[in-house]
>>> print(open('data_24.cif').read())   # mmCIF, C-alpha atoms and all ligand atoms
data_protein
#
loop_
_atom_site.label_atom_id
_atom_site.label_comp_id
_atom_site.auth_asym_id
_atom_site.auth_seq_id
_atom_site.Cartn_x
_atom_site.Cartn_y
_atom_site.Cartn_z
CA ARG A 1 128.24 124.25 151.92
CA VAL A 2 131.52 125.56 150.46
CA LYS A 3 134.66 123.73 151.52
CA GLY A 4 137.41 126.14 152.61
CA LYS A 5 140.24 124.57 150.62
CA TRP A 6 138.21 124.35 147.46
CA ALA A 7 137.06 127.94 147.90
CA THR A 8 140.65 129.25 148.07
CA THR A 9 141.80 127.44 144.92
CA ARG A 10 138.69 128.20 142.91
CA PRO A 11 139.31 130.98 140.34
CA LYS A 12 137.71 134.20 141.52
CA HIS A 13 136.29 134.98 138.12
CA LEU A 14 135.07 131.91 136.31
CA PRO A 15 135.41 132.30 132.52
CA THR A 16 131.73 131.41 132.00
CA ARG A 17 130.79 134.24 134.38
CA LEU A 18 133.15 136.67 132.61
CA ALA A 19 131.59 135.65 129.29
CA LEU A 20 128.09 136.38 130.59
CA GLN A 21 129.20 139.79 131.92
CA HIS A 22 130.76 140.60 128.55
CA PHE A 23 127.66 139.54 126.62
CA ASP A 24 125.36 141.44 129.01
CA ALA A 25 127.37 144.59 128.40
CA THR A 26 127.69 144.32 124.61
CA TYR A 27 124.61 142.43 123.42
CA SER A 28 122.17 144.41 125.56
CA VAL A 29 123.26 147.43 123.50
CA GLN A 30 123.48 145.58 120.18
CA LEU A 31 120.22 143.62 120.49
CA GLY A 32 118.22 145.94 122.78
CA GLN A 33 114.87 144.42 123.71
CA LEU A 34 115.77 141.12 122.07
CA TRP A 35 118.67 140.47 124.45
CA PRO A 36 116.75 138.98 127.44
CA SER A 37 115.20 136.23 125.30
CA VAL A 38 118.44 135.62 123.35
CA ARG A 39 120.22 135.39 126.73
CA VAL A 40 117.79 132.71 127.93
CA ALA A 41 118.32 130.79 124.68
CA LEU A 42 122.11 130.94 125.04
CA LEU A 43 121.87 129.63 128.60
CA SER A 44 119.46 126.84 127.71
CA GLU A 45 120.15 123.24 126.76
CA ARG A 46 121.62 123.00 123.29
CA LYS A 47 119.44 121.45 120.58
CA TYR A 48 121.13 119.05 118.20
CA GLY A 49 120.37 118.07 114.66
CA ALA A 50 121.33 114.73 113.13
CA LEU A 51 123.04 115.28 109.79
CA PHE A 52 121.98 112.19 107.87
CA ASN A 53 124.78 110.21 106.19
CA ASN A 54 123.66 109.20 102.68
CA PHE A 55 126.65 106.84 102.42
CA SER A 56 125.63 104.59 105.33
CA ASN A 57 123.49 101.52 104.75
CA ASN A 58 121.68 101.75 108.08
CA GLN A 59 117.95 102.35 107.98
CA ASP A 60 118.15 104.98 110.72
CA LEU A 61 116.25 107.65 108.78
CA GLU A 62 112.97 105.75 109.19
CA LYS A 63 113.78 105.01 112.83
CA LEU A 64 114.39 108.68 113.60
CA GLN A 65 111.22 109.66 111.77
CA ALA A 66 109.28 107.09 113.80
CA GLN A 67 110.63 108.79 116.95
CA GLY A 68 109.08 112.07 115.79
CA CYS A 69 112.10 113.68 114.08
CA ARG A 70 111.72 115.54 110.81
CA ASP A 71 114.17 116.67 108.19
CA PHE A 72 113.93 120.46 108.52
CA ILE A 73 115.54 120.93 105.10
CA SER A 74 113.21 118.90 102.89
CA ASN A 75 110.20 119.79 105.08
CA ARG A 76 110.75 123.42 104.26
CA ASP A 77 108.46 125.90 105.85
CA ASP A 78 107.04 126.94 102.53
CA PRO A 79 105.32 123.87 101.04
CA THR A 80 105.36 125.41 97.58
CA SER A 81 109.12 125.70 97.59
CA SER A 82 111.43 124.16 95.03
CA GLU A 83 115.17 123.73 95.39
CA HIS A 84 115.71 127.00 93.54
CA ILE A 85 114.69 129.89 95.72
CA SER A 86 114.57 133.31 94.18
CA GLU A 87 114.86 136.64 95.93
CA PHE A 88 111.78 137.91 97.71
CA GLY A 89 111.15 140.23 100.59
CA ALA A 90 111.90 139.13 104.13
CA GLU A 91 112.30 141.20 107.23
CA GLU A 92 115.20 139.35 108.72
CA ASP A 93 118.71 138.26 107.90
CA SER A 94 121.10 135.78 109.47
CA SER A 95 123.53 137.12 112.04
CA SER A 96 126.26 134.61 111.55
CA VAL A 97 126.39 133.75 107.88
CA SER A 98 127.49 136.00 105.04
CA THR A 99 128.06 135.12 101.41
CA VAL A 100 130.10 137.16 99.01
CA SER A 101 130.66 136.58 95.31
CA SER A 102 134.11 137.19 93.99
CA HIS A 103 135.20 139.26 90.99
CA VAL A 104 131.68 140.00 89.79
CA ASP A 105 130.67 143.19 88.04
CA SER A 106 126.92 142.79 88.08
CA GLN A 107 124.74 143.41 91.08
CA GLN A 108 122.26 140.80 89.89
CA GLN A 109 121.72 138.06 92.44
CA SER A 110 121.43 134.47 91.35
CA PRO A 111 118.74 132.34 92.98
CA LEU A 112 119.86 130.38 96.00
CA TRP A 113 120.43 126.70 95.30
CA LEU A 114 119.68 124.24 98.12
CA SER A 115 121.05 120.75 97.63
CA PRO A 116 118.28 118.14 97.98
CA ASN A 117 120.84 115.66 99.36
CA ILE A 118 121.58 117.39 102.67
CA LYS A 119 119.19 116.05 105.30
CA CYS A 120 119.21 117.14 108.92
CA LEU A 121 116.74 115.65 111.38
CA VAL A 122 115.50 117.51 114.42
CA PHE A 123 112.98 116.77 117.14
CA PRO A 124 109.94 119.10 117.14
CA ARG A 125 110.20 122.63 118.49
CA GLY A 126 110.60 122.64 122.27
CA ASP A 127 111.58 118.96 122.36
CA ILE A 128 115.21 118.54 123.44
CA THR A 129 115.29 114.73 123.42
CA ARG A 130 118.86 113.53 122.97
CA PHE A 131 119.77 111.44 119.95
CA LYS A 132 121.20 108.00 120.55
CA PRO A 133 124.78 107.60 119.32
CA ALA A 134 124.87 106.74 115.61
CA ARG A 135 125.52 103.07 114.74
CA PRO A 136 128.11 101.82 112.26
CA ASP A 137 126.84 99.84 109.25
CA LYS A 138 128.57 96.72 107.90
CA PHE A 139 131.27 98.92 106.30
CA SER A 140 131.77 100.74 109.65
CA LEU A 141 130.15 103.94 108.32
CA LEU A 142 128.05 105.83 110.85
CA SER A 143 124.49 106.76 109.98
CA TYR A 144 124.37 110.35 111.27
CA TYR A 145 126.55 113.12 112.67
CA LEU A 146 125.28 115.20 115.57
CA MET A 147 125.76 118.93 115.26
CA ASP A 148 123.99 122.16 116.07
CA ALA A 149 121.21 122.20 113.46
CA ALA A 150 122.01 125.86 112.64
CA SER A 151 125.51 124.80 111.56
CA VAL A 152 123.98 123.19 108.48
CA LEU A 153 122.74 126.58 107.23
CA PRO A 154 126.16 127.81 106.02
CA CYS A 155 126.56 124.59 104.01
CA LEU A 156 123.18 125.14 102.35
CA ALA A 157 123.93 128.82 101.76
CA LEU A 158 127.22 127.97 100.03
CA GLY A 159 125.13 126.60 97.14
CA VAL A 160 127.52 123.89 95.97
CA GLN A 161 126.66 122.70 92.47
CA LYS A 162 127.71 119.82 90.25
CA ASN A 163 131.50 119.52 89.74
CA HIS A 164 132.41 122.39 92.02
CA THR A 165 135.81 122.60 93.65
CA VAL A 166 135.47 123.60 97.30
CA LEU A 167 137.89 124.86 99.96
CA ASP A 168 136.93 124.52 103.64
CA LEU A 169 139.59 126.75 105.20
CA CYS A 170 138.93 126.07 108.92
CA ALA A 171 137.43 122.61 108.69
CA ALA A 172 137.96 120.68 111.94
CA PRO A 173 136.28 118.72 113.44
CA GLY A 174 134.47 118.39 110.10
CA GLY A 175 130.69 118.73 110.52
CA LYS A 176 130.34 121.22 107.67
CA ALA A 177 132.75 119.31 105.43
CA LEU A 178 130.57 116.23 105.94
CA ALA A 179 127.46 118.22 105.02
CA LEU A 180 129.18 119.50 101.86
CA LEU A 181 130.12 115.95 100.86
CA GLN A 182 126.51 114.84 101.36
CA THR A 183 125.58 117.02 98.35
CA GLN A 184 127.51 114.51 96.16
CA SER A 185 128.21 117.43 93.86
CA VAL A 186 131.73 118.33 94.96
CA ARG A 187 134.37 117.34 92.37
CA PHE A 188 137.29 118.21 94.66
CA LEU A 189 137.26 119.19 98.34
CA CYS A 190 140.20 120.68 100.16
CA VAL A 191 139.82 120.64 103.96
CA ASN A 192 142.28 122.59 106.05
CA ASP A 193 142.74 123.35 109.74
CA SER A 194 145.82 124.90 111.34
CA SER A 195 145.52 122.68 114.43
CA VAL A 196 147.30 119.38 113.88
CA SER A 197 145.35 117.58 116.63
CA ARG A 198 142.03 118.86 115.29
CA THR A 199 143.07 117.87 111.76
CA SER A 200 143.60 114.31 113.04
CA ARG A 201 140.08 114.39 114.43
CA LEU A 202 138.81 115.70 111.09
CA LYS A 203 140.46 112.75 109.31
CA ARG A 204 138.82 110.30 111.74
CA VAL A 205 135.42 111.91 111.18
CA LEU A 206 135.74 111.73 107.39
CA HIS A 207 136.80 108.07 107.53
CA SER A 208 133.86 107.24 109.82
CA TYR A 209 131.27 108.66 107.40
CA ILE A 210 132.58 108.69 103.84
CA PRO A 211 133.39 105.59 101.74
CA LYS A 212 137.10 105.14 100.92
CA PRO A 213 136.69 105.55 97.12
CA LEU A 214 135.46 109.12 97.75
CA LEU A 215 138.49 109.97 99.89
CA THR A 216 141.17 109.47 97.23
CA ASP A 217 143.76 112.18 96.49
CA ASP A 218 142.01 113.28 93.30
CA LYS A 219 138.81 114.02 95.27
CA LEU A 220 140.02 115.14 98.69
CA ARG A 221 143.02 116.97 100.10
CA ILE A 222 143.54 117.34 103.86
CA THR A 223 146.04 119.98 105.01
CA SER A 224 147.06 121.65 108.23
CA PHE A 225 148.27 125.09 107.19
CA ASP A 226 147.74 128.49 108.74
CA GLY A 227 144.72 129.54 106.68
CA THR A 228 145.76 133.20 106.72
CA MET A 229 148.66 132.22 104.43
CA TRP A 230 146.44 130.48 101.87
CA GLY A 231 146.84 133.31 99.38
CA GLU A 232 150.53 132.39 99.14
CA ILE A 233 149.61 128.76 98.43
CA GLU A 234 146.75 128.91 95.95
CA ARG A 235 144.94 131.82 94.27
CA ASN A 236 141.88 131.97 91.98
CA SER A 237 141.28 128.24 92.39
CA PHE A 238 137.99 127.29 94.07
CA ASP A 239 134.35 127.66 92.98
CA ARG A 240 133.22 127.79 96.60
CA VAL A 241 135.11 128.69 99.77
CA LEU A 242 133.83 128.17 103.30
CA VAL A 243 135.49 130.34 105.95
CA ASP A 244 134.08 129.06 109.25
CA VAL A 245 136.35 130.99 111.57
CA PRO A 246 137.41 130.58 115.20
CA CYS A 247 135.32 133.00 117.28
CA THR A 248 134.11 133.60 120.84
CA THR A 249 131.75 130.57 120.43
CA ASP A 250 129.17 132.38 122.57
CA ARG A 251 127.09 129.46 123.76
CA HIS A 252 130.08 127.25 124.51
CA SER A 253 131.75 130.10 126.40
CA LEU A 254 128.72 130.31 128.70
CA MET A 255 128.68 126.57 129.39
CA GLU A 256 132.22 125.30 129.80
CA ASP A 257 135.04 126.76 131.93
CA ASP A 258 137.75 124.51 130.51
CA ASN A 259 139.71 126.02 127.64
CA ASN A 260 137.31 128.99 127.63
CA ILE A 261 138.24 131.95 125.37
CA PHE A 262 137.09 134.29 128.20
CA SER A 263 139.65 132.91 130.67
CA ARG A 264 142.17 135.51 131.86
CA SER A 265 145.03 133.69 130.14
CA ARG A 266 143.34 134.06 126.73
CA VAL A 267 142.45 137.75 126.80
CA GLY A 268 145.02 138.62 124.10
CA GLU A 269 143.81 135.79 121.87
CA ARG A 270 140.20 136.86 122.28
CA ARG A 271 140.94 140.49 121.49
CA SER A 272 142.84 139.55 118.34
CA LEU A 273 140.03 137.34 116.99
CA PRO A 274 138.53 139.97 114.63
CA GLN A 275 141.97 140.57 113.07
CA LEU A 276 142.51 136.81 112.58
CA GLN A 277 139.01 136.50 111.13
CA VAL A 278 139.64 139.31 108.60
CA GLU A 279 142.91 137.65 107.55
CA LEU A 280 141.20 134.27 107.13
CA LEU A 281 138.31 135.72 105.12
CA LEU A 282 140.70 137.68 102.91
CA ALA A 283 142.72 134.50 102.28
CA GLY A 284 139.46 132.69 101.38
CA ILE A 285 138.52 135.50 98.98
CA ILE A 286 141.92 135.28 97.27
CA ALA A 287 141.58 131.48 96.98
CA ALA A 288 138.20 131.74 95.20
CA CYS A 289 138.14 131.81 91.41
CA PRO A 290 136.55 134.71 89.50
CA GLY A 291 132.77 134.34 89.84
CA GLY A 292 133.22 132.03 92.82
CA GLU A 293 131.41 132.40 96.12
CA ILE A 294 132.84 132.71 99.60
CA LEU A 295 130.81 132.04 102.71
CA TYR A 296 131.87 133.51 106.04
CA SER A 297 130.35 132.00 109.20
CA THR A 298 130.79 132.20 112.96
CA CYS A 299 128.94 130.99 116.04
CA THR A 300 128.90 134.35 117.75
CA LEU A 301 126.38 137.20 117.76
CA SER A 302 129.16 139.79 117.90
CA LEU A 303 128.86 142.53 115.28
CA ASN A 304 132.65 143.01 115.36
CA GLN A 305 133.20 139.38 114.47
CA ASN A 306 130.47 139.24 111.83
CA GLN A 307 129.49 142.37 109.91
CA GLY A 308 132.68 144.22 110.89
CA VAL A 309 134.92 141.44 109.58
CA VAL A 310 133.05 141.05 106.29
CA GLU A 311 133.11 144.79 105.61
CA GLN A 312 136.82 145.06 106.37
CA ALA A 313 137.77 142.03 104.26
CA ILE A 314 135.75 143.33 101.28
CA GLN A 315 137.52 146.67 101.53
CA LEU A 316 140.98 145.08 101.80
CA ALA A 317 140.28 142.71 98.90
CA GLU A 318 139.38 145.63 96.69
CA GLU A 319 142.10 148.04 97.82
CA ASN A 320 145.04 145.64 98.13
CA HIS A 321 144.19 142.93 95.63
CA GLY A 322 141.86 144.57 93.09
CA ILE A 323 139.18 141.94 93.79
CA GLN A 324 135.63 143.19 93.33
CA LEU A 325 133.04 141.54 95.55
CA GLN A 326 129.31 141.59 95.85
CA VAL A 327 127.45 140.66 99.02
CA VAL A 328 124.77 138.08 98.30
CA SER A 329 121.57 138.44 100.26
CA LEU A 330 120.61 135.46 102.40
CA ARG A 331 117.05 136.62 102.82
CA PRO A 332 115.61 133.79 100.71
CA LEU A 333 117.28 131.26 103.03
CA VAL A 334 116.05 133.12 106.10
CA GLN A 335 112.55 133.18 104.69
CA LYS A 336 112.65 129.45 104.02
CA PHE A 337 113.73 128.44 107.48
CA ARG A 338 112.10 131.15 109.58
CA ASN A 339 109.78 128.63 111.28
CA THR A 340 112.69 126.40 112.29
CA PHE A 341 115.16 129.08 113.47
CA HIS A 342 115.02 132.53 114.96
CA PHE A 343 117.20 134.82 112.86
CA ALA A 344 118.85 137.99 114.07
CA PRO A 345 117.53 141.30 112.81
CA ASP A 346 118.69 142.59 109.44
CA LEU A 347 122.43 143.31 109.37
CA HIS A 348 122.12 145.63 106.36
CA LEU A 349 125.11 143.90 104.80
CA ASP A 350 123.35 143.52 101.49
CA GLU A 351 123.06 147.30 101.33
CA SER A 352 126.86 147.35 101.24
CA THR A 353 126.58 146.13 97.62
CA SER A 354 126.36 149.83 96.82
CA HIS A 355 130.03 150.24 97.67
CA CYS A 356 131.37 146.94 96.41
CA ARG A 357 131.00 147.03 92.65
N1 LIG A 401 134.11 124.12 110.24
C1 LIG A 401 134.30 123.30 111.41
C2 LIG A 401 133.17 122.30 111.50
O1 LIG A 401 132.12 122.51 110.90
O2 LIG A 401 133.35 121.27 112.17
C3 LIG A 401 134.42 124.13 112.68
C4 LIG A 401 135.55 125.12 112.61
S1 LIG A 401 135.89 125.91 114.14
C5 LIG A 401 134.59 127.04 114.25
C6 LIG A 401 137.24 126.91 113.73
C7 LIG A 401 138.49 126.14 113.40
O3 LIG A 401 139.46 127.08 112.94
C8 LIG A 401 139.15 125.41 114.56
O4 LIG A 401 139.17 124.03 114.30
C9 LIG A 401 140.57 125.96 114.61
O5 LIG A 401 141.55 124.98 114.86
C10 LIG A 401 140.73 126.54 113.22
N2 LIG A 401 141.71 127.62 113.07
C11 LIG A 401 142.07 128.56 113.98
N3 LIG A 401 143.00 129.38 113.45
C12 LIG A 401 143.21 128.96 112.18
C13 LIG A 401 144.06 129.38 111.13
N4 LIG A 401 144.87 130.44 111.27
N5 LIG A 401 144.04 128.70 109.97
C14 LIG A 401 143.21 127.63 109.82
N6 LIG A 401 142.40 127.18 110.77
C15 LIG A 401 142.40 127.84 111.94
#
>>> encode(input="data_24.cif", output="structure tokens")
Amino acid sequence: RVKGKWATTRPKHLPTRLALQHFDATYSVQLGQLWPSVRVALLSERKYGALFNNFSNNQDLEKLQAQGCRDFISNRDDPTSSEHISEFGAEEDSSSVSTVSSHVDSQQQSPLWLSPNIKCLVFPRGDITRFKPARPDKFSLLSYYLMDAASVLPCLALGVQKNHTVLDLCAAPGGKALALLQTQSVRFLCVNDSSVSRTSRLKRVLHSYIPKPLLTDDKLRITSFDGTMWGEIERNSFDRVLVDVPCTTDRHSLMEDDNNIFSRSRVGERRSLPQLQVELLLAGIIAACPGGEILYSTCTLSLNQNQGVVEQAIQLAEENHGIQLQVVSLRPLVQKFRNTFHFAPDLHLDESTSHCR
């Protein structure tokens, strides 16, 4: 029964409902026959992964394994795999992750490097058991960080190698930064987020998982700048740049009315997202050193916020800054994890190598 008073104060158009209408209109065209099953997935209970913290002394890895969890990264779908994965044919590509190499002349693609130190545990397919909260060890470091398992993929795709300097341009609350630090390969990490409150949360997360000696000024810098201005701060500096932009956060927008990007008061902000995303990616490209790699990621299926942004930023980098980029195919990664995740159909971004020399 609906109470009269409540009914009159209730917003007529709930943001979650507006989000669903928007997705029905756009994704049914973009995804065609795939949309009904993707829609069900978006409306279903979220499945978490536990990013294992190598710096904690707790023995929780064995405990999680005893509960039936497996590390989807080391238990790769191809048992013959090694950490180096070379290019081979796959029919699919990821919808939300794009890697570009900066200032490169060759169209040769280097093999994808997956760090053996990133471990993410998941319950078996179809099992949505919730993880217990992680426990602190005797140094107060927590044993795992809960995040959407797919959020680990951009960190793997970034291919951080020994002694790399890394910029995480939109880093809060810090799940991907934590995954990057798990590689134990990063010589210097700069984490930035324009939101001061979210940057405070990022600091708390880092201090809850990473030992103090690894958080010193020579190894880590935490800033709270507008990432679009990064080109004015630092150019040609980082081996790897992660640009994990604000987006329509599709699944969240279908679940939570509070602070929803589809609320009427945020229409302008939502419409300007692709422009902000292009500016952030361009800033990340400028911050990368020659030969460096930039990874662009979102948690939306929107073509405008994924492929459209990458194509525009590549064009602007070349025209306005003389930076030549090459799109790196993520097919090897898709092939490796195709039994753990469903990937969106091919975005044809790697074909755009023909126009970015
Ligand atoms: N990478 C994070 C992680 O793994 O936990 C999630 C990042 S979230 C998708 C996007 C972030 O971008 C938000 O924390 C938001 O505050 C930040 N942001 C929004 N506009 C920004 C800007 N102009 N410069 C830098 N960060 C920005």
>>> residues_around(input="data_24.cif", residues="Ala317 of chain A", least_positions_apart="4", cutoff="8 Å", atoms="all atoms listed in the file", output="PyMOL selection string")
chain A and resi 282+285-286+313+321-324
>>> residues_near_point(input="data_24.cif", point="(121.5, 114.0, 101.9)", cutoff="7 Å", atoms="all atoms listed in the file", output="list in words")
Phe52, Asn53, Asn54, Pro116, Asn117, Ile118, Lys119, Gln182 and Thr183 of chain A
>>> residues_near_ligand(input="data_24.cif", ligand="ligand LIG 401 (chain A)", cutoff="9 Å", atoms="all atoms listed in the file", output="ChimeraX atom specification")
/A:147,151-152,168-179,192-199,202,224-230,242-247,249,276-277,279-280,297-299
>>> write_last_selection(input="data_24.cif", atoms="C-alpha atoms", output="mmCIF file, in the frame of the given file")
data_model
loop_
_atom_site.group_PDB
_atom_site.id
_atom_site.type_symbol
_atom_site.label_atom_id
_atom_site.label_comp_id
_atom_site.auth_asym_id
_atom_site.auth_seq_id
_atom_site.Cartn_x
_atom_site.Cartn_y
_atom_site.Cartn_z
ATOM 1 C CA MET A 147 125.760 118.930 115.260
ATOM 2 C CA SER A 151 125.510 124.800 111.560
ATOM 3 C CA VAL A 152 123.980 123.190 108.480
ATOM 4 C CA ASP A 168 136.930 124.520 103.640
ATOM 5 C CA LEU A 169 139.590 126.750 105.200
ATOM 6 C CA CYS A 170 138.930 126.070 108.920
ATOM 7 C CA ALA A 171 137.430 122.610 108.690
ATOM 8 C CA ALA A 172 137.960 120.680 111.940
ATOM 9 C CA PRO A 173 136.280 118.720 113.440
ATOM 10 C CA GLY A 174 134.470 118.390 110.100
ATOM 11 C CA GLY A 175 130.690 118.730 110.520
ATOM 12 C CA LYS A 176 130.340 121.220 107.670
ATOM 13 C CA ALA A 177 132.750 119.310 105.430
ATOM 14 C CA LEU A 178 130.570 116.230 105.940
ATOM 15 C CA ALA A 179 127.460 118.220 105.020
ATOM 16 C CA ASN A 192 142.280 122.590 106.050
ATOM 17 C CA ASP A 193 142.740 123.350 109.740
ATOM 18 C CA SER A 194 145.820 124.900 111.340
ATOM 19 C CA SER A 195 145.520 122.680 114.430
ATOM 20 C CA VAL A 196 147.300 119.380 113.880
ATOM 21 C CA SER A 197 145.350 117.580 116.630
ATOM 22 C CA ARG A 198 142.030 118.860 115.290
ATOM 23 C CA THR A 199 143.070 117.870 111.760
ATOM 24 C CA LEU A 202 138.810 115.700 111.090
ATOM 25 C CA SER A 224 147.060 121.650 108.230
ATOM 26 C CA PHE A 225 148.270 125.090 107.190
ATOM 27 C CA ASP A 226 147.740 128.490 108.740
ATOM 28 C CA GLY A 227 144.720 129.540 106.680
ATOM 29 C CA THR A 228 145.760 133.200 106.720
ATOM 30 C CA MET A 229 148.660 132.220 104.430
ATOM 31 C CA TRP A 230 146.440 130.480 101.870
ATOM 32 C CA LEU A 242 133.830 128.170 103.300
ATOM 33 C CA VAL A 243 135.490 130.340 105.950
ATOM 34 C CA ASP A 244 134.080 129.060 109.250
ATOM 35 C CA VAL A 245 136.350 130.990 111.570
ATOM 36 C CA PRO A 246 137.410 130.580 115.200
ATOM 37 C CA CYS A 247 135.320 133.000 117.280
ATOM 38 C CA THR A 249 131.750 130.570 120.430
ATOM 39 C CA LEU A 276 142.510 136.810 112.580
ATOM 40 C CA GLN A 277 139.010 136.500 111.130
ATOM 41 C CA GLU A 279 142.910 137.650 107.550
ATOM 42 C CA LEU A 280 141.200 134.270 107.130
ATOM 43 C CA SER A 297 130.350 132.000 109.200
ATOM 44 C CA THR A 298 130.790 132.200 112.960
ATOM 45 C CA CYS A 299 128.940 130.990 116.040
#
>>> atom_distance(input="data_24.cif", atom1="atom CA of Ser200 of chain A", atom2="atom CA of Val186 of chain A")
22.0 Å
>>> atom_distance(input="data_24.cif", atom1="atom CA of Arg204 of chain A", atom2="atom CA of His164 of chain A")
24.0 Å
>>> residues_around(input="data_24.cif", residues="Leu295 of chain A", least_positions_apart="5", cutoff="12 Å", atoms="all atoms listed in the file", output="compact mmCIF listing (two decimals) with C-alpha atoms, in the coordinates of the input")
# COMPACT_ATOMS: atom_id res chain seq x y z
CA SER A 96 126.26 134.61 111.55
CA VAL A 97 126.39 133.75 107.88
CA SER A 98 127.49 136.00 105.04
CA THR A 99 128.06 135.12 101.41
CA VAL A 100 130.10 137.16 99.01
CA SER A 101 130.66 136.58 95.31
CA SER A 102 134.11 137.19 93.99
CA LEU A 153 122.74 126.58 107.23
CA PRO A 154 126.16 127.81 106.02
CA CYS A 155 126.56 124.59 104.01
CA LEU A 156 123.18 125.14 102.35
CA ALA A 157 123.93 128.82 101.76
CA LEU A 158 127.22 127.97 100.03
CA GLY A 159 125.13 126.60 97.14
CA VAL A 160 127.52 123.89 95.97
CA VAL A 166 135.47 123.60 97.30
CA LEU A 167 137.89 124.86 99.96
CA ASP A 168 136.93 124.52 103.64
CA LEU A 169 139.59 126.75 105.20
CA CYS A 170 138.93 126.07 108.92
CA LYS A 176 130.34 121.22 107.67
CA ASP A 239 134.35 127.66 92.98
CA ARG A 240 133.22 127.79 96.60
CA VAL A 241 135.11 128.69 99.77
CA LEU A 242 133.83 128.17 103.30
CA VAL A 243 135.49 130.34 105.95
CA ASP A 244 134.08 129.06 109.25
CA VAL A 245 136.35 130.99 111.57
CA LEU A 280 141.20 134.27 107.13
CA LEU A 281 138.31 135.72 105.12
CA LEU A 282 140.70 137.68 102.91
CA GLY A 284 139.46 132.69 101.38
CA ILE A 285 138.52 135.50 98.98
CA ALA A 288 138.20 131.74 95.20
CA ASN A 306 130.47 139.24 111.83
CA VAL A 310 133.05 141.05 106.29
CA GLN A 326 129.31 141.59 95.85
CA VAL A 327 127.45 140.66 99.02
CA VAL A 328 124.77 138.08 98.30
CA SER A 329 121.57 138.44 100.26
CA LEU A 330 120.61 135.46 102.40
>>> residues_around(input="data_24.cif", residues="Asp218 of chain A", least_positions_apart="5", cutoff="10 Å", atoms="only C-alpha atoms", output="list of chain:residue names")
A:Arg187, A:Phe188, A:Leu189
>>> write_last_selection(input="data_24.cif", atoms="C-alpha atoms", output="mmCIF file, in the frame of the given file")
data_model
loop_
_atom_site.group_PDB
_atom_site.id
_atom_site.type_symbol
_atom_site.label_atom_id
_atom_site.label_comp_id
_atom_site.auth_asym_id
_atom_site.auth_seq_id
_atom_site.Cartn_x
_atom_site.Cartn_y
_atom_site.Cartn_z
ATOM 1 C CA ARG A 187 134.370 117.340 92.370
ATOM 2 C CA PHE A 188 137.290 118.210 94.660
ATOM 3 C CA LEU A 189 137.260 119.190 98.340
#
>>> residues_around(input="data_24.cif", residues="His13 of chain A", least_positions_apart="2", cutoff="12 Å", atoms="all atoms listed in the file", output="ChimeraX atom specification")
/A:9-11,15-21,257,262-265
>>> write_last_selection(input="data_24.cif", atoms="C-alpha atoms", output="PDB file, in the frame of the given file")
ATOM      1  CA  THR A   9     141.800 127.440 144.920  1.00  0.00           C
ATOM      2  CA  ARG A  10     138.690 128.200 142.910  1.00  0.00           C
ATOM      3  CA  PRO A  11     139.310 130.980 140.340  1.00  0.00           C
ATOM      4  CA  PRO A  15     135.410 132.300 132.520  1.00  0.00           C
ATOM      5  CA  THR A  16     131.730 131.410 132.000  1.00  0.00           C
ATOM      6  CA  ARG A  17     130.790 134.240 134.380  1.00  0.00           C
ATOM      7  CA  LEU A  18     133.150 136.670 132.610  1.00  0.00           C
ATOM      8  CA  ALA A  19     131.590 135.650 129.290  1.00  0.00           C
ATOM      9  CA  LEU A  20     128.090 136.380 130.590  1.00  0.00           C
ATOM     10  CA  GLN A  21     129.200 139.790 131.920  1.00  0.00           C
ATOM     11  CA  ASP A 257     135.040 126.760 131.930  1.00  0.00           C
ATOM     12  CA  PHE A 262     137.090 134.290 128.200  1.00  0.00           C
ATOM     13  CA  SER A 263     139.650 132.910 130.670  1.00  0.00           C
ATOM     14  CA  ARG A 264     142.170 135.510 131.860  1.00  0.00           C
ATOM     15  CA  SER A 265     145.030 133.690 130.140  1.00  0.00           C
TER      16      SER A 265
END
>>> atom_distance(input="data_24.cif", atom1="atom CA of Asn259 of chain A", atom2="atom CA of Lys12 of chain A")
16.2 Å
>>> closest_residue(input="data_24.cif", among="A:Ala149, A:Trp35, A:Val29, A:Val40", to="Phe337 of chain A", atoms="all atoms listed in the file")
A:Ala149
>>> closest_residue(input="data_24.cif", among="A:Ala66, A:Ser56, A:Lys212, A:Ser185", to="Leu141 of chain A", atoms="all atoms listed in the file")
A:Ser56
>>> residues_around(input="data_24.cif", residues="Leu42 of chain A", least_positions_apart="6", cutoff="8 Å", atoms="all atoms listed in the file", output="PyMOL selection string")
chain A and resi 250-251+254
>>> residues_near_point(input="data_24.cif", point="(142.4, 116.8, 98.2)", cutoff="8 Å", atoms="all atoms listed in the file", output="CSV table (one decimal) with C-alpha atoms, in the coordinates of the input")
chain,number,residue,atom,x,y,z
A,188,PHE,CA,137.3,118.2,94.7
A,189,LEU,CA,137.3,119.2,98.3
A,190,CYS,CA,140.2,120.7,100.2
A,191,VAL,CA,139.8,120.6,104.0
A,216,THR,CA,141.2,109.5,97.2
A,217,ASP,CA,143.8,112.2,96.5
A,218,ASP,CA,142.0,113.3,93.3
A,219,LYS,CA,138.8,114.0,95.3
A,220,LEU,CA,140.0,115.1,98.7
A,221,ARG,CA,143.0,117.0,100.1
A,222,ILE,CA,143.5,117.3,103.9
>>> closest_residue(input="data_24.cif", among="A:Leu333, A:Ser272, A:Gly126, A:Asn260", to="Ser44 of chain A", atoms="all atoms listed in the file")
A:Gly126
